[in-house]
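Beneath this line is the structure, given in C-alpha cells, with notes to follow.
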Amino acid sequence: MSQNAPPHAYLTVEQAQRNLRERFKNAAIETYELDARILTGFALGLDDVGLITQASRNVTEEEYDILEKTCLVRLEGKPVSRITGVKEFYSLPFKISSATLDPRPDSECLVESALIIAEKLAKLARKPLRVLDLGTGSGCLLIAFAHACRQKGIQVEGLGVDISSSAIRQARINAALNGIENSVDFKQSNWFENVSGRFDIIISNPPYIASDEIEGLAPEVRFHDPSAALDGGSDGLDAYKHIIAAMTTFIKPGGCVLFEIGSSQAALVTDIVRQSISTHQNVAISCVSDLAGLDRVVQLEFNRNS
Ligand SMILES: C[S@@+](CC[C@H](N)C(=O)[O-])C[C@H]1O[C@@H](n2cnc3c(N)ncnc32)[C@H](O)[C@@H]1O
C-alpha cells in the first residue's frame, strides 16, 4: 500500500470483518468472531445476508471511518450491545439503554422454566394466565415468555414492573418491537407497591450481587450495567427477602414464583423462603440448572389448597 493511499481503498467488506476479528482476538475478547460480525454489519448497515452478498465489494472511506471508530470503542471495553443498542434474547431483538441491564443468555433458563409451569397451569385455567415480572428492565423475560406462550396457544396477561421509569419506557418499546404489546403492560413500582390482584406466575431476576463485590465485576458489567440492576445489598439478598416476605399476598393458590439466582445462592434463597412461609402453606421448592450446569432458578410451586 502506498504511503498516501487511504487504508480503506484496499479493504473489501470481508477483509474489513477479518481485520476486526484479528484485532479482537489479539485483545483476548472471547467472542471475537461474533463481535466482529455484528459490529461490521452495524457499522456498514448490513445484515448477515448483506455481509455475505457484499463480501467482495470495497468499503467506502466513510464506512471505513465508522468501522474504525466502532472497533476502537469495542477495544476500549464497551460491550457490543451497548454500541449497537440492541441485544438478542431468546431469539428476539431487545433495545437496551443505560437504564436497563444487558439481557444475559443465562436468564433464558428462567423463561424456559416459566414456560413449563405455564403449560401445566394453562391446562387447568379457563382465563388467560396472569403473570407478573418484578424488576422487568428491558422487559426481556416477560416479553420472551409471552411471545413463546402465544406460539404455544397459551393466553397470557402480563405485567412488568420496575423502579426505573426509563426502564419501563424501554420495556414498552420492546413489547411493541416484538408485537406483544397487547398481552403485556408495564408500570413503575417499587416491587409490589403499585401492584394489585393475584397472579398465576411471578417471575423475577432481581439485583443479586453483594454491594462489595460490584467493584470486582468485569469492566463491561461494572461500567455499563446500571447499579440498580446489580446491587443486591450487603449480602446480595435484599430483593429476595423483600419479595419473598410479600409474595403470598400476590400469588394465586396453585401458582408459581420463579427467581433467577446467582449460582451460589440456591440454599440461601431457599432458607429465606422456609423462614418466611408459614408451615400450613405447602410449597414445593426446586432448583433448575442452566446450560452450564450452574444453579440458576429457584422455583416455588404453591399447593392449590394453600
Ligand atoms: C438484574 S436486573 C433484571 C432486568 C431484566 N428482568 C433482565 O432479566 O434482564 C434487575 C432489575 O430490577 C430493577 N429493580 C431494582 N430495585 C427495584 C425495586 N425496588 N423495585 C422494582 N424494580 C427494581 C432494576 O431497575 C433492574 O431493572
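Labeling convention for the C-alpha cells: chains A, B, ... as they appear, residues from 1 per chain, ligands from 1 in order of appearance.
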(message) Which residues are close to A:Gly45, i.e. within 12 Å by only C-alpha atoms, leaving aside same-chain residues fewer than 3 positions away? Reply as a ChimeraX atom specification.
(response) /A:13,37-42,48-51,54,59,63,66-67,84
Around ligand 1, which protein and nucleic acid residues have at least one atom no more than 7 Å from it, if we count only C-alpha atoms and all ligand atoms? List them as a PDB file with N, CA and C atoms, in the first residue's frame.
```pdb
ATOM      1  N   THR A 100     -31.158   0.012  31.519  1.00  0.00           N
ATOM      2  CA  THR A 100     -31.552  -1.412  31.528  1.00  0.00           C
ATOM      3  C   THR A 100     -30.331  -2.326  31.545  1.00  0.00           C
ATOM      4  N   LEU A 101     -30.495  -3.447  32.234  1.00  0.00           N
ATOM      5  CA  LEU A 101     -29.455  -4.481  32.209  1.00  0.00           C
ATOM      6  C   LEU A 101     -29.358  -5.024  30.788  1.00  0.00           C
ATOM      7  N   ASP A 102     -28.157  -5.384  30.399  1.00  0.00           N
ATOM      8  CA  ASP A 102     -27.930  -6.074  29.131  1.00  0.00           C
ATOM      9  C   ASP A 102     -28.470  -7.512  29.320  1.00  0.00           C
ATOM     10  N   PRO A 103     -29.534  -7.918  28.621  1.00  0.00           N
ATOM     11  CA  PRO A 103     -30.097  -9.258  28.860  1.00  0.00           C
ATOM     12  C   PRO A 103     -29.032 -10.346  28.692  1.00  0.00           C
ATOM     13  N   ARG A 104     -29.017 -11.310  29.626  1.00  0.00           N
ATOM     14  CA  ARG A 104     -27.987 -12.355  29.629  1.00  0.00           C
ATOM     15  C   ARG A 104     -28.559 -13.684  29.119  1.00  0.00           C
ATOM     16  N   SER A 107     -30.299 -16.027  31.571  1.00  0.00           N
ATOM     17  CA  SER A 107     -31.675 -15.766  32.013  1.00  0.00           C
ATOM     18  C   SER A 107     -32.709 -16.494  31.156  1.00  0.00           C
ATOM     19  N   LEU A 134     -41.175  -8.958  38.190  1.00  0.00           N
ATOM     20  CA  LEU A 134     -40.674  -7.936  39.135  1.00  0.00           C
ATOM     21  C   LEU A 134     -39.238  -7.543  38.772  1.00  0.00           C
ATOM     22  N   GLY A 135     -39.018  -6.262  38.480  1.00  0.00           N
ATOM     23  CA  GLY A 135     -37.688  -5.799  38.046  1.00  0.00           C
ATOM     24  C   GLY A 135     -37.514  -6.136  36.577  1.00  0.00           C
ATOM     25  N   THR A 136     -38.419  -5.626  35.753  1.00  0.00           N
ATOM     26  CA  THR A 136     -38.523  -6.077  34.352  1.00  0.00           C
ATOM     27  C   THR A 136     -37.399  -5.553  33.458  1.00  0.00           C
ATOM     28  N   GLY A 137     -36.781  -4.418  33.804  1.00  0.00           N
ATOM     29  CA  GLY A 137     -35.672  -3.878  32.987  1.00  0.00           C
ATOM     30  C   GLY A 137     -36.105  -3.645  31.546  1.00  0.00           C
ATOM     31  N   SER A 138     -35.409  -4.299  30.618  1.00  0.00           N
ATOM     32  CA  SER A 138     -35.748  -4.175  29.191  1.00  0.00           C
ATOM     33  C   SER A 138     -37.052  -4.892  28.850  1.00  0.00           C
ATOM     34  N   GLY A 139     -37.586  -5.647  29.812  1.00  0.00           N
ATOM     35  CA  GLY A 139     -38.811  -6.425  29.578  1.00  0.00           C
ATOM     36  C   GLY A 139     -38.517  -7.776  28.938  1.00  0.00           C
ATOM     37  N   CYS A 140     -37.215  -8.119  28.836  1.00  0.00           N
ATOM     38  CA  CYS A 140     -36.839  -9.302  28.040  1.00  0.00           C
ATOM     39  C   CYS A 140     -37.484 -10.599  28.538  1.00  0.00           C
ATOM     40  N   LEU A 141     -37.564 -10.784  29.870  1.00  0.00           N
ATOM     41  CA  LEU A 141     -38.109 -12.048  30.389  1.00  0.00           C
ATOM     42  C   LEU A 141     -39.595 -12.167  30.059  1.00  0.00           C
ATOM     43  N   VAL A 161     -42.997  -4.726  36.177  1.00  0.00           N
ATOM     44  CA  VAL A 161     -42.780  -3.508  36.969  1.00  0.00           C
ATOM     45  C   VAL A 161     -41.288  -3.291  37.199  1.00  0.00           C
ATOM     46  N   ASP A 162     -40.930  -2.038  37.353  1.00  0.00           N
ATOM     47  CA  ASP A 162     -39.531  -1.693  37.650  1.00  0.00           C
ATOM     48  C   ASP A 162     -39.525  -0.373  38.406  1.00  0.00           C
ATOM     49  N   ILE A 163     -38.515  -0.202  39.238  1.00  0.00           N
ATOM     50  CA  ILE A 163     -38.384   1.054  39.987  1.00  0.00           C
ATOM     51  C   ILE A 163     -37.972   2.199  39.051  1.00  0.00           C
ATOM     52  N   SER A 164     -37.374   1.860  37.927  1.00  0.00           N
ATOM     53  CA  SER A 164     -36.871   2.874  36.988  1.00  0.00           C
ATOM     54  C   SER A 164     -37.904   3.179  35.896  1.00  0.00           C
ATOM     55  N   ALA A 167     -36.504   2.443  32.456  1.00  0.00           N
ATOM     56  CA  ALA A 167     -36.569   1.025  32.083  1.00  0.00           C
ATOM     57  C   ALA A 167     -37.974   0.684  31.596  1.00  0.00           C
ATOM     58  N   SER A 189     -42.959   0.686  39.684  1.00  0.00           N
ATOM     59  CA  SER A 189     -43.339   0.251  41.027  1.00  0.00           C
ATOM     60  C   SER A 189     -42.101  -0.199  41.799  1.00  0.00           C
ATOM     61  N   ASN A 190     -42.107   0.113  43.090  1.00  0.00           N
ATOM     62  CA  ASN A 190     -41.080  -0.405  43.988  1.00  0.00           C
ATOM     63  C   ASN A 190     -41.561  -1.802  44.398  1.00  0.00           C
ATOM     64  N   TRP A 191     -41.039  -2.822  43.762  1.00  0.00           N
ATOM     65  CA  TRP A 191     -41.512  -4.203  43.879  1.00  0.00           C
ATOM     66  C   TRP A 191     -43.044  -4.234  43.800  1.00  0.00           C
ATOM     67  N   SER A 204     -38.944 -13.228  38.531  1.00  0.00           N
ATOM     68  CA  SER A 204     -38.078 -12.095  38.878  1.00  0.00           C
ATOM     69  C   SER A 204     -36.603 -12.452  38.742  1.00  0.00           C
ATOM     70  N   ASN A 205     -35.888 -11.567  38.092  1.00  0.00           N
ATOM     71  CA  ASN A 205     -34.427 -11.613  38.088  1.00  0.00           C
ATOM     72  C   ASN A 205     -33.988 -10.334  38.801  1.00  0.00           C
ATOM     73  N   PRO A 206     -33.983 -10.355  40.141  1.00  0.00           N
ATOM     74  CA  PRO A 206     -33.699  -9.113  40.880  1.00  0.00           C
ATOM     75  C   PRO A 206     -32.193  -8.857  40.949  1.00  0.00           C
ATOM     76  N   PRO A 207     -31.790  -7.653  41.392  1.00  0.00           N
ATOM     77  CA  PRO A 207     -30.346  -7.439  41.595  1.00  0.00           C
ATOM     78  C   PRO A 207     -29.858  -8.394  42.686  1.00  0.00           C
ATOM     79  N   ALA A 228     -28.566  -0.150  39.822  1.00  0.00           N
ATOM     80  CA  ALA A 228     -29.853  -0.618  40.378  1.00  0.00           C
ATOM     81  C   ALA A 228     -30.184  -2.030  39.893  1.00  0.00           C
ATOM     82  N   ALA A 229     -29.552  -2.440  38.807  1.00  0.00           N
ATOM     83  CA  ALA A 229     -29.814  -3.780  38.270  1.00  0.00           C
ATOM     84  C   ALA A 229     -28.872  -4.821  38.861  1.00  0.00           C
ATOM     85  N   LEU A 230     -27.830  -4.349  39.558  1.00  0.00           N
ATOM     86  CA  LEU A 230     -26.799  -5.273  40.055  1.00  0.00           C
ATOM     87  C   LEU A 230     -26.811  -5.398  41.576  1.00  0.00           C
TER      88      LEU A 230
END
```
(message) Using DSSP assignments from the backbone, pull out every residue in stretch 135-300 of chain A that falls under helix (DSSP H, G or I) and give it to me as number ranges by chain.
(response) A: 140-151, 165-177, 211-216, 219-222, 227-229, 238-249, 266-276
Just the selected residues (C-alpha atoms), exported as a PDB file, in the first residue's frame, please.
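selection-v6.pdb, written as the output of this step:
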```pdb
ATOM      1  CA  CYS A 140     -36.839  -9.302  28.040  1.00  0.00           C
ATOM      2  CA  LEU A 141     -38.109 -12.048  30.389  1.00  0.00           C
ATOM      3  CA  LEU A 142     -41.802 -11.170  30.228  1.00  0.00           C
ATOM      4  CA  ILE A 143     -41.818 -10.368  26.500  1.00  0.00           C
ATOM      5  CA  ALA A 144     -39.921 -13.553  25.547  1.00  0.00           C
ATOM      6  CA  PHE A 145     -42.219 -15.577  27.818  1.00  0.00           C
ATOM      7  CA  ALA A 146     -45.440 -14.019  26.430  1.00  0.00           C
ATOM      8  CA  HIS A 147     -44.149 -14.400  22.859  1.00  0.00           C
ATOM      9  CA  ALA A 148     -43.424 -18.115  23.409  1.00  0.00           C
ATOM     10  CA  CYS A 149     -46.813 -18.598  25.125  1.00  0.00           C
ATOM     11  CA  ARG A 150     -48.557 -17.096  22.103  1.00  0.00           C
ATOM     12  CA  GLN A 151     -46.757 -19.585  19.850  1.00  0.00           C
ATOM     13  CA  SER A 165     -39.274   4.841  34.777  1.00  0.00           C
ATOM     14  CA  SER A 166     -36.670   4.818  31.960  1.00  0.00           C
ATOM     15  CA  ALA A 167     -36.569   1.025  32.083  1.00  0.00           C
ATOM     16  CA  ILE A 168     -40.371   0.943  31.870  1.00  0.00           C
ATOM     17  CA  ARG A 169     -40.249   3.146  28.740  1.00  0.00           C
ATOM     18  CA  GLN A 170     -37.691   0.786  27.214  1.00  0.00           C
ATOM     19  CA  ALA A 171     -39.782  -2.300  28.063  1.00  0.00           C
ATOM     20  CA  ARG A 172     -42.806  -0.745  26.306  1.00  0.00           C
ATOM     21  CA  ILE A 173     -40.684  -0.067  23.207  1.00  0.00           C
ATOM     22  CA  ASN A 174     -39.528  -3.704  23.249  1.00  0.00           C
ATOM     23  CA  ALA A 175     -43.061  -5.059  23.644  1.00  0.00           C
ATOM     24  CA  ALA A 176     -44.093  -3.130  20.506  1.00  0.00           C
ATOM     25  CA  LEU A 177     -40.900  -4.143  18.683  1.00  0.00           C
ATOM     26  CA  SER A 211     -22.525  -4.487  47.249  1.00  0.00           C
ATOM     27  CA  ASP A 212     -18.826  -5.022  47.999  1.00  0.00           C
ATOM     28  CA  GLU A 213     -18.467  -7.492  45.084  1.00  0.00           C
ATOM     29  CA  ILE A 214     -19.517  -4.931  42.471  1.00  0.00           C
ATOM     30  CA  GLU A 215     -16.069  -3.390  42.285  1.00  0.00           C
ATOM     31  CA  GLY A 216     -14.626  -6.789  41.316  1.00  0.00           C
ATOM     32  CA  PRO A 219     -15.459  -3.645  33.495  1.00  0.00           C
ATOM     33  CA  GLU A 220     -18.032  -4.492  30.795  1.00  0.00           C
ATOM     34  CA  VAL A 221     -20.567  -5.082  33.592  1.00  0.00           C
ATOM     35  CA  ARG A 222     -19.367  -2.597  36.221  1.00  0.00           C
ATOM     36  CA  SER A 227     -26.120  -0.294  39.510  1.00  0.00           C
ATOM     37  CA  ALA A 228     -29.853  -0.618  40.378  1.00  0.00           C
ATOM     38  CA  ALA A 229     -29.814  -3.780  38.270  1.00  0.00           C
ATOM     39  CA  ASP A 238     -32.114  -7.792  49.898  1.00  0.00           C
ATOM     40  CA  ALA A 239     -34.509  -8.097  46.955  1.00  0.00           C
ATOM     41  CA  TYR A 240     -35.269 -11.790  47.605  1.00  0.00           C
ATOM     42  CA  LYS A 241     -36.050 -11.044  51.278  1.00  0.00           C
ATOM     43  CA  HIS A 242     -38.368  -8.215  50.286  1.00  0.00           C
ATOM     44  CA  ILE A 243     -40.195 -10.109  47.534  1.00  0.00           C
ATOM     45  CA  ILE A 244     -40.499 -13.372  49.499  1.00  0.00           C
ATOM     46  CA  ALA A 245     -41.939 -11.559  52.541  1.00  0.00           C
ATOM     47  CA  ALA A 246     -44.767 -10.126  50.409  1.00  0.00           C
ATOM     48  CA  MET A 247     -45.327 -12.736  47.689  1.00  0.00           C
ATOM     49  CA  THR A 248     -48.077 -14.845  49.305  1.00  0.00           C
ATOM     50  CA  THR A 249     -50.482 -11.888  49.044  1.00  0.00           C
ATOM     51  CA  ALA A 266     -29.823 -21.564  45.897  1.00  0.00           C
ATOM     52  CA  ALA A 267     -29.539 -22.663  49.543  1.00  0.00           C
ATOM     53  CA  LEU A 268     -29.621 -19.077  50.831  1.00  0.00           C
ATOM     54  CA  VAL A 269     -32.770 -18.172  48.892  1.00  0.00           C
ATOM     55  CA  THR A 270     -34.412 -21.486  49.841  1.00  0.00           C
ATOM     56  CA  ASP A 271     -33.708 -20.716  53.529  1.00  0.00           C
ATOM     57  CA  ILE A 272     -35.339 -17.294  53.212  1.00  0.00           C
ATOM     58  CA  VAL A 273     -38.441 -18.982  51.746  1.00  0.00           C
ATOM     59  CA  ARG A 274     -38.577 -21.598  54.533  1.00  0.00           C
ATOM     60  CA  GLN A 275     -38.209 -18.964  57.262  1.00  0.00           C
ATOM     61  CA  SER A 276     -40.802 -16.667  55.714  1.00  0.00           C
TER      62      SER A 276
END
```
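Taking atom CA of A:Ile285 and atom CA of A:Lys152 as endpoints, the distance between them is 26.0 Å.
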(request) Could you check which of A:Ala122, A:Cys109, A:Leu217, A:Leu132 is closest to A:Lys187, using only C-alpha atoms? (result) A:Leu132
(request) Tell me, as a list in words, which residues lie within 7 Å of A:Val283, counting only C-alpha atoms; anything in the same chain fewer than 2 positions away does not count. (result)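 Using only C-alpha atoms, the neighbours found are Gln281, Ile285, Leu300, Glu301, Phe302 and Asn303 of chain A.
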Based on the selection just made, write N, CA and C atoms of those residues as a JSON list (two decimals), in the first residue's frame.
```json
[["chain", "number", "residue", "atom", "x", "y", "z"],
["A", 281, "GLN", "N", -48.65, -23.48, 54.74],
["A", 281, "GLN", "CA", -48.60, -23.25, 53.29],
["A", 281, "GLN", "C", -47.66, -24.26, 52.65],
["A", 285, "ILE", "N", -40.30, -26.59, 46.73],
["A", 285, "ILE", "CA", -39.17, -25.74, 46.31],
["A", 285, "ILE", "C", -38.22, -26.59, 45.48],
["A", 300, "LEU", "N", -40.80, -21.94, 43.20],
["A", 300, "LEU", "CA", -41.67, -22.22, 44.35],
["A", 300, "LEU", "C", -43.07, -22.52, 43.83],
["A", 301, "GLU", "N", -43.48, -23.78, 43.92],
["A", 301, "GLU", "CA", -44.82, -24.16, 43.43],
["A", 301, "GLU", "C", -45.76, -24.28, 44.62],
["A", 302, "PHE", "N", -46.76, -23.41, 44.65],
["A", 302, "PHE", "CA", -47.70, -23.38, 45.77],
["A", 302, "PHE", "C", -48.79, -24.41, 45.56],
["A", 303, "ASN", "N", -49.16, -25.06, 46.66],
["A", 303, "ASN", "CA", -50.22, -26.04, 46.62],
["A", 303, "ASN", "C", -51.56, -25.36, 46.29]]
```
(request) Determine, counting only C-alpha atoms, which protein, DNA and RNA residues have an atom within 8 Å of an atom of A:Leu237; residues of the same chain fewer than 5 positions away are not included. Present the result as a PyMOL selection string. (result) chain A and resi 208-210+232+269
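Atom to atom, atom CA of A:Gly158 and atom CA of A:Ile116 stand 16.5 Å apart.
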(message) Residues within 9 Å of A:Ala118, please, as a ChimeraX atom specification. Count only C-alpha atoms; anything in the same chain fewer than 3 positions from it doesn't count.
(response) /A:113-115,121-123,129,149,154,200-201
(message) Taking 3 positions as the minimum chain separation for residues in the same chain, which residues sit within 8 Å of A:Arg198 when counting only C-alpha atoms? Answer as a PyMOL selection string.
(response) chain A and resi 130+249-252
